[in-house]
>>> print(open('upload.cif').read())   # mmCIF, C-alpha atoms
data_protein
#
loop_
_atom_site.label_atom_id
_atom_site.label_comp_id
_atom_site.auth_asym_id
_atom_site.auth_seq_id
_atom_site.Cartn_x
_atom_site.Cartn_y
_atom_site.Cartn_z
CA MET F 951 6.05 42.55 -23.71
CA LYS F 952 8.00 41.01 -26.57
CA LYS F 953 6.62 38.12 -28.59
CA ASP F 954 8.45 35.13 -30.02
CA LYS F 955 7.83 33.60 -33.46
CA ASN F 956 4.88 31.64 -32.06
CA HIS F 957 3.35 34.90 -30.80
CA HIS F 958 3.95 33.96 -27.13
CA GLU F 959 4.57 36.93 -24.87
CA ASN F 960 7.93 37.03 -23.12
CA PRO F 961 9.24 39.35 -20.36
CA GLU F 962 11.36 42.35 -21.36
CA ASN F 963 14.48 40.74 -19.86
CA PHE F 964 13.85 37.51 -21.79
CA ASN F 965 17.04 36.03 -23.23
CA PRO F 966 16.42 33.70 -26.22
CA SER F 967 19.91 32.17 -25.99
CA VAL F 968 19.29 31.08 -22.39
CA LEU F 969 15.97 29.48 -23.36
CA LYS F 970 17.72 27.68 -26.23
CA LYS F 971 20.35 26.26 -23.86
CA VAL F 972 17.66 25.10 -21.41
CA ARG F 973 15.76 23.35 -24.20
CA GLN F 974 18.91 21.70 -25.50
CA ALA F 975 19.82 20.51 -21.99
CA ARG F 976 16.36 18.96 -21.59
CA MET F 977 16.74 17.12 -24.89
CA VAL F 978 19.92 15.40 -23.72
CA GLN F 979 18.79 12.15 -22.11
CA PRO F 980 21.19 10.50 -19.61
CA ASP F 981 21.85 6.79 -20.04
CA ALA F 982 20.46 4.21 -17.63
CA GLU F 983 23.52 4.04 -15.36
CA GLU F 984 23.66 7.83 -15.08
CA LEU F 985 19.97 7.96 -14.22
CA ILE F 986 20.42 5.35 -11.50
CA THR F 987 23.36 7.24 -9.97
CA GLN F 988 21.43 10.53 -10.00
CA ILE F 989 18.28 8.98 -8.51
CA ILE F 990 20.20 7.34 -5.65
CA ALA F 991 21.81 10.75 -5.01
CA GLY F 992 18.33 12.23 -4.55
CA ASP F 993 18.13 14.17 -7.84
CA THR F 994 14.40 14.77 -8.38
CA THR F 995 14.92 15.84 -12.00
CA ALA F 996 16.44 12.43 -12.73
CA LEU F 997 13.61 10.83 -10.74
CA SER F 998 11.01 12.59 -12.91
CA ARG F 999 12.81 11.52 -16.06
CA ALA F 1000 12.91 7.92 -14.89
CA ILE F 1001 9.20 7.93 -14.04
CA THR F 1002 8.41 9.33 -17.49
CA LEU F 1003 10.57 6.58 -18.96
CA ILE F 1004 8.78 3.72 -17.19
CA GLU F 1005 5.38 5.24 -18.03
CA SER F 1006 6.25 5.31 -21.73
CA ASN F 1007 4.45 2.91 -24.07
CA ASN F 1008 7.30 3.12 -26.59
CA PRO F 1009 8.79 -0.40 -26.94
CA ASN F 1010 12.21 1.20 -27.51
CA HIS F 1011 12.14 2.49 -23.92
CA PHE F 1012 11.39 -0.84 -22.23
CA ALA F 1013 14.97 -2.12 -21.98
CA LYS F 1014 16.29 1.14 -20.52
CA ALA F 1015 13.35 1.33 -18.09
CA ASN F 1016 14.03 -2.22 -16.87
CA THR F 1017 17.72 -1.42 -16.36
CA VAL F 1018 16.86 1.64 -14.29
CA MET F 1019 14.33 -0.34 -12.22
CA ASN F 1020 16.79 -3.16 -11.54
CA GLY F 1021 19.48 -0.67 -10.55
CA CYS F 1022 17.19 1.14 -8.12
CA LEU F 1023 15.59 -1.95 -6.57
CA PRO F 1024 18.43 -2.67 -4.06
CA HIS F 1025 17.97 0.85 -2.67
CA ALA F 1026 14.18 0.58 -2.26
CA ASN F 1027 11.76 -0.97 0.29
CA SER F 1028 12.78 1.37 3.12
CA SER F 1029 9.70 3.58 3.23
CA ILE F 1030 6.22 3.54 4.74
CA ARG F 1031 3.69 3.40 1.92
CA ILE F 1032 0.36 5.07 2.62
CA GLY F 1033 -2.66 4.87 0.33
CA ILE F 1034 -5.26 7.62 0.73
CA THR F 1035 -8.70 7.55 -0.84
CA GLY F 1036 -12.12 9.10 -0.44
CA VAL F 1037 -15.01 10.41 -2.46
CA PRO F 1038 -14.51 13.59 -4.52
CA GLY F 1039 -14.93 16.64 -2.29
CA VAL F 1040 -13.67 14.94 0.88
CA GLY F 1041 -10.54 17.10 0.78
CA LYS F 1042 -7.85 14.57 -0.16
CA SER F 1043 -5.43 17.15 -1.58
CA SER F 1044 -5.91 19.53 1.36
CA PHE F 1045 -5.38 16.73 3.86
CA ILE F 1046 -2.28 15.41 2.08
CA GLU F 1047 -0.69 18.85 1.87
CA VAL F 1048 -1.14 19.52 5.59
CA PHE F 1049 -0.17 15.98 6.56
CA GLY F 1050 2.84 16.08 4.24
CA LYS F 1051 4.03 19.40 5.67
CA HIS F 1052 3.62 17.96 9.17
CA LEU F 1053 5.98 15.13 8.22
CA THR F 1054 8.56 17.29 6.42
CA HIS F 1055 8.75 19.60 9.46
CA GLN F 1056 10.09 16.57 11.31
CA GLY F 1057 12.79 16.10 8.68
CA LYS F 1058 11.06 13.30 6.83
CA LYS F 1059 11.18 13.07 3.05
CA VAL F 1060 7.72 12.71 1.53
CA ALA F 1061 6.84 11.66 -2.02
CA VAL F 1062 3.23 12.14 -3.09
CA LEU F 1063 1.98 10.22 -6.11
CA THR F 1064 -1.35 11.62 -7.19
CA ILE F 1065 -3.61 9.91 -9.71
CA ASP F 1066 -5.89 12.05 -11.85
CA PRO F 1067 -8.80 10.47 -13.73
CA SER F 1068 -8.42 10.32 -17.51
CA SER F 1069 -11.28 11.41 -19.73
CA ALA F 1070 -13.05 8.54 -21.48
CA VAL F 1071 -13.61 10.90 -24.43
CA SER F 1072 -10.36 12.84 -24.91
CA HIS F 1073 -8.14 10.50 -22.81
CA GLY F 1074 -6.60 13.61 -21.25
CA SER F 1075 -6.09 14.55 -17.59
CA ILE F 1076 -5.82 17.87 -15.80
CA LEU F 1077 -2.91 16.80 -13.54
CA GLY F 1078 -3.52 19.80 -11.29
CA ASP F 1079 -2.42 18.36 -7.96
CA LYS F 1080 0.80 20.39 -7.88
CA THR F 1081 -1.38 23.49 -8.02
CA ARG F 1082 -3.67 22.19 -5.26
CA MET F 1083 -0.63 21.28 -3.12
CA GLU F 1084 1.31 24.46 -3.79
CA LYS F 1085 3.10 24.64 -0.43
CA LEU F 1086 4.04 20.98 -0.37
CA SER F 1087 5.24 21.11 -3.99
CA LYS F 1088 7.73 23.84 -3.03
CA ASP F 1089 8.98 21.99 0.05
CA PRO F 1090 12.59 20.79 -0.50
CA ASN F 1091 11.81 17.59 1.44
CA ALA F 1092 8.78 16.75 -0.68
CA TYR F 1093 8.15 15.54 -4.20
CA VAL F 1094 4.72 15.65 -5.86
CA ARG F 1095 4.21 13.64 -9.03
CA PRO F 1096 0.80 13.63 -10.76
CA SER F 1097 0.00 10.82 -13.20
CA ALA F 1098 -3.00 10.04 -15.35
CA SER F 1099 -5.00 6.92 -14.54
CA GLY F 1100 -5.36 6.13 -18.24
CA GLU F 1101 -7.32 2.93 -18.71
CA THR F 1102 -6.19 1.50 -15.38
CA LEU F 1103 -8.91 0.70 -12.84
CA GLY F 1104 -8.47 0.65 -9.10
CA GLY F 1105 -7.69 4.34 -8.64
CA VAL F 1106 -4.03 4.13 -9.68
CA ALA F 1107 -1.92 4.66 -12.77
CA ARG F 1108 -0.42 1.75 -14.72
CA LYS F 1109 3.11 2.27 -13.42
CA THR F 1110 2.42 3.48 -9.87
CA ARG F 1111 4.05 0.38 -8.33
CA GLU F 1112 7.32 0.98 -10.20
CA THR F 1113 7.20 4.69 -9.35
CA ILE F 1114 7.12 3.80 -5.64
CA THR F 1115 10.37 1.86 -6.06
CA LEU F 1116 12.07 4.80 -7.80
CA CYS F 1117 10.95 7.25 -5.09
CA GLU F 1118 12.27 4.95 -2.36
CA ALA F 1119 15.61 4.69 -4.17
CA ALA F 1120 15.71 8.50 -4.25
CA GLY F 1121 15.60 8.55 -0.45
CA PHE F 1122 11.93 9.27 0.27
CA ASP F 1123 10.95 7.54 3.51
CA THR F 1124 7.21 8.20 3.25
CA ILE F 1125 5.30 7.48 0.05
CA ILE F 1126 1.72 8.77 -0.15
CA ILE F 1127 -0.54 7.63 -2.97
CA GLU F 1128 -3.64 9.71 -3.55
CA THR F 1129 -6.11 7.68 -5.58
CA VAL F 1130 -8.74 8.84 -8.02
CA GLY F 1131 -11.35 8.12 -5.36
CA VAL F 1132 -13.65 5.82 -7.27
CA GLY F 1133 -15.32 4.03 -4.36
CA GLN F 1134 -15.25 0.24 -4.35
CA SER F 1135 -12.56 -0.21 -7.05
CA GLU F 1136 -9.54 0.59 -4.88
CA ILE F 1137 -8.15 -2.94 -4.81
CA ALA F 1138 -5.08 -2.00 -6.86
CA VAL F 1139 -3.81 0.68 -4.50
CA HIS F 1140 -4.53 -1.53 -1.49
CA SER F 1141 -2.17 -4.10 -3.00
CA MET F 1142 0.79 -1.71 -3.11
CA VAL F 1143 0.68 0.13 0.24
CA ASP F 1144 1.35 -0.74 3.88
CA PHE F 1145 -1.40 1.42 5.35
CA PHE F 1146 -4.74 2.21 3.73
CA LEU F 1147 -6.43 5.42 4.87
CA LEU F 1148 -10.03 6.23 4.02
CA LEU F 1149 -11.17 9.84 4.25
CA GLN F 1150 -14.85 10.42 5.00
CA ILE F 1151 -17.11 13.42 5.35
CA THR F 1152 -20.26 13.94 7.38
CA GLY F 1153 -23.58 13.16 5.76
CA ALA F 1154 -22.20 10.26 3.70
CA GLY F 1155 -24.72 7.75 5.09
CA ASP F 1156 -25.53 5.95 8.31
CA GLU F 1157 -23.63 2.97 9.69
CA LEU F 1158 -25.62 0.49 7.57
CA GLN F 1159 -24.68 2.42 4.44
CA GLY F 1160 -21.10 2.28 5.64
CA ILE F 1161 -21.24 -1.51 5.80
CA LYS F 1162 -22.25 -1.65 2.13
CA ARG F 1163 -19.10 0.14 1.10
CA GLY F 1164 -16.61 -2.68 0.56
CA ILE F 1165 -13.79 -0.17 0.67
CA MET F 1166 -14.28 0.17 4.42
CA GLU F 1167 -13.21 -3.44 4.85
CA MET F 1168 -9.82 -2.54 3.40
CA ALA F 1169 -9.31 0.59 5.50
CA ASP F 1170 -6.78 0.50 8.34
CA ALA F 1171 -8.08 3.84 9.58
CA ILE F 1172 -10.94 6.17 8.73
CA VAL F 1173 -10.44 9.91 9.10
CA ILE F 1174 -13.43 12.23 9.05
CA THR F 1175 -12.26 15.48 7.50
CA LYS F 1176 -13.38 19.11 7.84
CA SER F 1177 -13.84 18.79 11.61
CA ASP F 1178 -13.86 22.51 12.37
CA GLY F 1179 -16.31 25.24 13.34
CA ASP F 1180 -19.98 24.27 13.30
CA ASN F 1181 -19.07 20.95 11.72
CA ILE F 1182 -17.35 19.55 14.84
CA PRO F 1183 -20.53 18.06 16.43
CA LYS F 1184 -21.45 16.44 13.10
CA THR F 1185 -18.01 14.85 12.68
CA ALA F 1186 -18.16 13.55 16.24
CA LEU F 1187 -21.51 11.87 15.48
CA THR F 1188 -20.16 10.41 12.23
CA LYS F 1189 -17.14 9.08 14.11
CA THR F 1190 -19.44 7.23 16.52
CA GLU F 1191 -21.54 5.77 13.67
CA LEU F 1192 -18.52 4.58 11.69
CA SER F 1193 -16.91 3.08 14.79
CA ARG F 1194 -20.05 1.03 15.32
CA ALA F 1195 -20.06 -0.06 11.66
CA LEU F 1196 -16.49 -1.35 11.89
CA HIS F 1197 -17.52 -3.83 14.58
CA TYR F 1198 -19.52 -5.77 11.97
CA PHE F 1199 -16.40 -6.61 9.96
CA ALA F 1200 -14.34 -9.74 10.41
CA PRO F 1201 -10.97 -9.34 12.21
CA LYS F 1202 -8.07 -8.43 9.94
CA LYS F 1203 -5.20 -10.84 9.27
CA SER F 1204 -2.88 -8.12 10.52
CA ALA F 1205 -4.51 -8.32 13.98
CA TRP F 1206 -4.90 -4.54 13.70
CA ILE F 1207 -8.16 -2.97 14.86
CA PRO F 1208 -9.11 -0.11 12.47
CA THR F 1209 -9.39 3.30 14.09
CA VAL F 1210 -11.76 6.18 13.41
CA THR F 1211 -10.66 9.73 14.09
CA THR F 1212 -11.37 13.29 12.99
CA CYS F 1213 -9.19 16.09 11.68
CA SER F 1214 -9.21 19.49 10.02
CA ALA F 1215 -6.82 20.56 7.28
CA LYS F 1216 -7.91 24.13 8.00
CA THR F 1217 -6.96 24.21 11.69
CA GLN F 1218 -4.56 21.20 11.54
CA GLU F 1219 -6.35 19.69 14.54
CA GLY F 1220 -6.05 15.91 14.56
CA ILE F 1221 -3.17 15.73 12.05
CA PRO F 1222 -0.56 14.55 14.63
CA GLU F 1223 -3.03 11.89 15.80
CA VAL F 1224 -3.25 10.49 12.26
CA GLU F 1225 0.53 10.10 12.20
CA LYS F 1226 0.46 8.31 15.59
CA ILE F 1227 -2.14 5.85 14.29
CA ILE F 1228 0.02 5.02 11.27
CA LEU F 1229 3.16 4.60 13.40
CA ASN F 1230 1.27 2.33 15.83
CA TYR F 1231 0.07 0.24 12.91
CA VAL F 1232 3.60 -0.12 11.51
CA LYS F 1233 4.95 -1.09 14.94
CA THR F 1234 2.18 -3.64 15.53
CA THR F 1235 2.42 -5.30 12.13
CA LYS F 1236 6.22 -5.41 12.13
CA ASN F 1237 6.20 -7.04 15.56
CA ASN F 1238 3.74 -9.76 14.52
CA GLY F 1239 5.40 -10.31 11.12
CA TYR F 1240 2.42 -9.21 9.02
CA PHE F 1241 4.20 -6.13 7.60
CA ASN F 1242 6.89 -8.12 5.79
CA CYS F 1243 4.49 -10.92 4.90
CA LYS F 1244 2.19 -8.43 3.16
CA ARG F 1245 5.13 -6.95 1.20
CA VAL F 1246 6.02 -10.45 -0.07
CA GLU F 1247 2.41 -11.10 -1.12
CA GLN F 1248 2.30 -7.74 -2.88
CA ASN F 1249 5.48 -8.54 -4.83
CA GLU F 1250 3.93 -11.81 -6.01
CA TYR F 1251 0.73 -10.00 -7.01
CA TRP F 1252 2.62 -7.40 -9.03
CA LEU F 1253 4.68 -10.08 -10.74
CA THR F 1254 1.45 -11.49 -12.16
CA GLU F 1255 0.07 -8.04 -12.98
CA THR F 1256 3.28 -7.05 -14.77
CA ILE F 1257 3.19 -10.22 -16.87
CA ASN F 1258 -0.43 -9.52 -17.80
CA ASP F 1259 0.40 -5.93 -18.68
CA GLN F 1260 3.45 -6.88 -20.75
CA LEU F 1261 1.56 -9.57 -22.67
CA LYS F 1262 -1.17 -7.07 -23.44
CA GLN F 1263 1.37 -4.49 -24.65
CA ASP F 1264 3.19 -7.06 -26.80
CA PHE F 1265 -0.07 -8.27 -28.30
CA PHE F 1266 -1.45 -4.87 -29.32
CA ASN F 1267 1.93 -3.48 -30.41
CA HIS F 1268 2.68 -6.37 -32.77
CA PRO F 1269 2.53 -4.97 -36.35
CA GLN F 1270 0.83 -8.05 -37.85
CA ILE F 1271 -1.72 -8.19 -35.04
CA GLN F 1272 -2.52 -4.53 -35.66
CA ASN F 1273 -3.24 -5.32 -39.32
CA VAL F 1274 -5.40 -8.35 -38.51
CA LEU F 1275 -7.13 -6.46 -35.70
CA ALA F 1276 -8.25 -3.69 -38.05
CA GLU F 1277 -9.85 -6.22 -40.41
CA THR F 1278 -11.35 -8.23 -37.55
CA LYS F 1279 -12.96 -5.14 -36.02
CA LYS F 1280 -14.75 -4.46 -39.32
CA ALA F 1281 -16.01 -8.03 -39.43
CA VAL F 1282 -17.37 -7.72 -35.88
CA GLN F 1283 -18.97 -4.36 -36.66
CA ASN F 1284 -20.68 -5.84 -39.72
CA ASN F 1285 -21.91 -8.86 -37.71
CA GLU F 1286 -19.90 -11.17 -39.96
CA THR F 1287 -18.37 -12.84 -36.88
CA SER F 1288 -18.90 -12.74 -33.13
CA PRO F 1289 -16.54 -10.88 -30.78
CA PHE F 1290 -15.67 -14.21 -29.13
CA ALA F 1291 -14.74 -15.94 -32.40
CA ALA F 1292 -12.79 -12.87 -33.47
CA ALA F 1293 -10.86 -12.83 -30.20
CA GLN F 1294 -10.05 -16.54 -30.59
CA LEU F 1295 -8.76 -15.91 -34.13
CA LEU F 1296 -6.56 -13.04 -32.98
CA LEU F 1297 -5.10 -15.05 -30.10
CA GLU F 1298 -4.38 -18.02 -32.35
CA THR F 1299 -2.69 -15.69 -34.85
CA TYR F 1300 -0.58 -14.20 -32.06
CA ARG F 1301 0.45 -17.63 -30.77
CA ASN F 1302 1.47 -18.72 -34.26
CA LEU F 1303 3.54 -15.56 -34.67
CA ARG F 1304 5.38 -16.23 -31.41
CA THR F 1305 6.28 -19.84 -32.23
#
>>> encode(input="upload.cif", output="structure tokens")
Amino acid sequence: MKKDKNHHENPENFNPSVLKKVRQARMVQPDAEELITQIIAGDTTALSRAITLIESNNPNHFAKANTVMNGCLPHANSSIRIGITGVPGVGKSSFIEVFGKHLTHQGKKVAVLTIDPSSAVSHGSILGDKTRMEKLSKDPNAYVRPSASGETLGGVARKTRETITLCEAAGFDTIIIETVGVGQSEIAVHSMVDFFLLLQITGAGDELQGIKRGIMEMADAIVITKSDGDNIPKTALTKTELSRALHYFAPKKSAWIPTVTTCSAKTQEGIPEVEKIILNYVKTTKNNGYFNCKRVEQNEYWLTETINDQLKQDFFNHPQIQNVLAETKKAVQNNETSPFAAAQLLLETYRNLRT
């Protein structure tokens, strides 16, 4: 094996000039209008570039990102958005890969947005979902995009809502969002999907424990995974217990009655039934008007969230605020002022700078 100047091993047939051309091509960034045209044409490379653009914290990228979003918006809103959550170890990635392949075999285009937890220490993420969903990642009718959760709570990344719009503009008719799986903090993902699916495993608690989990109140369906082999009787028992637990909840505004079912990613038993449940839900809620009503409410919610996010970004990115913040932090650390008084000072300074 040959080695380059950085001591990386390269294959014998490695051509440095080809690598140079590839790197140069990647450095050339298309303008906003070109990105929009490519995304609408279904170019996943352009889609990835646009997602990276909207995820950027660089203020210089904001205008271009907004132009791309506005250009893609008229081509969006034509998909079924599915949120999938569950505790770590429930088999979210395995389920999504099998379920996604089931949909692509029918000619559907599936985009999977996976959220990996960010380390509170290093702030890094593994982003290994493409590896865990190897078959789906290689499917020409699928697109898998991992993102880091960063400091965002609720099991999603900061720009997941905008990413959904871009994927819809690229022609994906089914958007699946795999959350971090943090338990009761899944409100954010629930506010951006049409159908909320909770994956459960056997041995996760009796029906009274199930009632305590607020996330169950948001679920439109509960799927008990790993229903194969010796585990089948256990999943059947868990299905009965969870079905009983659901009867304690108040009726949903959608008039939909949540369903409990079982499946196996290993044998693919129960996967078609999950699709039928989702399609029945969409049909029911579109007929009674709840589907569109919920989309309108979600748009209003994300208007407020986007304003909050933008104000926060503008505040912390302001050069003079950064200078004052550094001094204020020292004063708080030395007990020279309280955090509340310091915050009030910073906000007053920011307001004066904006007037």
>>> closest_residue(input="upload.cif", among="F:Gln1248, F:Ser998, F:Ser1028, F:Asn1237", to="Val1139 (chain F)", atoms="only C-alpha atoms")
F:Gln1248
>>> residues_near_point(input="upload.cif", point="(8.0, -5.1, 5.9)", cutoff="9 Å", atoms="all atoms listed in the file", output="CSV table (one decimal) with C-alpha atoms, in the coordinates of the input")
chain,number,residue,atom,x,y,z
F,1027,ASN,CA,11.8,-1.0,0.3
F,1028,SER,CA,12.8,1.4,3.1
F,1030,ILE,CA,6.2,3.5,4.7
F,1144,ASP,CA,1.4,-0.7,3.9
F,1232,VAL,CA,3.6,-0.1,11.5
F,1235,THR,CA,2.4,-5.3,12.1
F,1236,LYS,CA,6.2,-5.4,12.1
F,1239,GLY,CA,5.4,-10.3,11.1
F,1240,TYR,CA,2.4,-9.2,9.0
F,1241,PHE,CA,4.2,-6.1,7.6
F,1242,ASN,CA,6.9,-8.1,5.8
F,1243,CYS,CA,4.5,-10.9,4.9
F,1244,LYS,CA,2.2,-8.4,3.2
F,1245,ARG,CA,5.1,-7.0,1.2
F,1246,VAL,CA,6.0,-10.4,-0.1
>>> atom_distance(input="upload.cif", atom1="CA of Phe1012 (chain F)", atom2="CA of Ala1292 (chain F)")
29.3 Å
>>> residues_around(input="upload.cif", residues="Asp993 (chain F)", least_positions_apart="3", cutoff="12 Å", atoms="all atoms listed in the file", output="list in words")
Glu984, Leu985, Ile986, Thr987, Gln988, Ile989, Ile990, Ala996, Leu997, Ser998, Arg999, Ala1000, Pro1090, Asn1091, Tyr1093, Leu1116, Cys1117, Ala1119, Ala1120, Gly1121 and Phe1122 of chain F
>>> closest_residue(input="upload.cif", among="F:Thr1017, F:Ala1186, F:Ile1207, F:Ala1293", to="Glu1167 (chain F)", atoms="all atoms listed in the file")
F:Ile1207
>>> closest_residue(input="upload.cif", among="F:Ala1171, F:Pro1009, F:Leu1187, F:Thr994", to="Glu1223 (chain F)", atoms="only C-alpha atoms")
F:Ala1171
>>> closest_residue(input="upload.cif", among="F:Thr1064, F:Thr1110, F:Asn1010, F:Thr1211", to="Ser1177 (chain F)", atoms="only C-alpha atoms")
F:Thr1211
>>> atom_distance(input="upload.cif", atom1="CA of Val1060 (chain F)", atom2="CA of Lys1014 (chain F)")
26.3 Å
>>> atom_distance(input="upload.cif", atom1="CA of Leu1303 (chain F)", atom2="CA of Leu1003 (chain F)")
28.0 Å
>>> closest_residue(input="upload.cif", among="F:Thr995, F:Asn1238, F:Asn1285, F:Thr1256", to="Gln979 (chain F)", atoms="all atoms listed in the file")
F:Thr995
>>> closest_residue(input="upload.cif", among="F:His1268, F:Glu1128, F:Thr1185, F:Arg1304", to="Gly1036 (chain F)", atoms="only C-alpha atoms")
F:Glu1128
>>> residues_around(input="upload.cif", residues="Arg1031 (chain F)", least_positions_apart="6", cutoff="8 Å", atoms="only C-alpha atoms", output="list in words")
Thr1124, Ile1125, Ile1126, Ile1127, Met1142, Val1143, Asp1144 and Phe1145 of chain F
>>> residues_around(input="upload.cif", residues="Leu1196 (chain F)", least_positions_apart="4", cutoff="10 Å", atoms="only C-alpha atoms", output="PyMOL selection string")
chain F and resi 1157+1160-1161+1166-1167+1169+1172+1191-1192+1200-1201+1207-1210
>>> resolve_selection(input="upload.cif", expression="the PyMOL selection byres ((chain F and resi 1217-1220) around 10)", output="PyMOL selection string")
chain F and resi 1045+1048-1049+1052+1173-1179+1211-1216+1221-1225
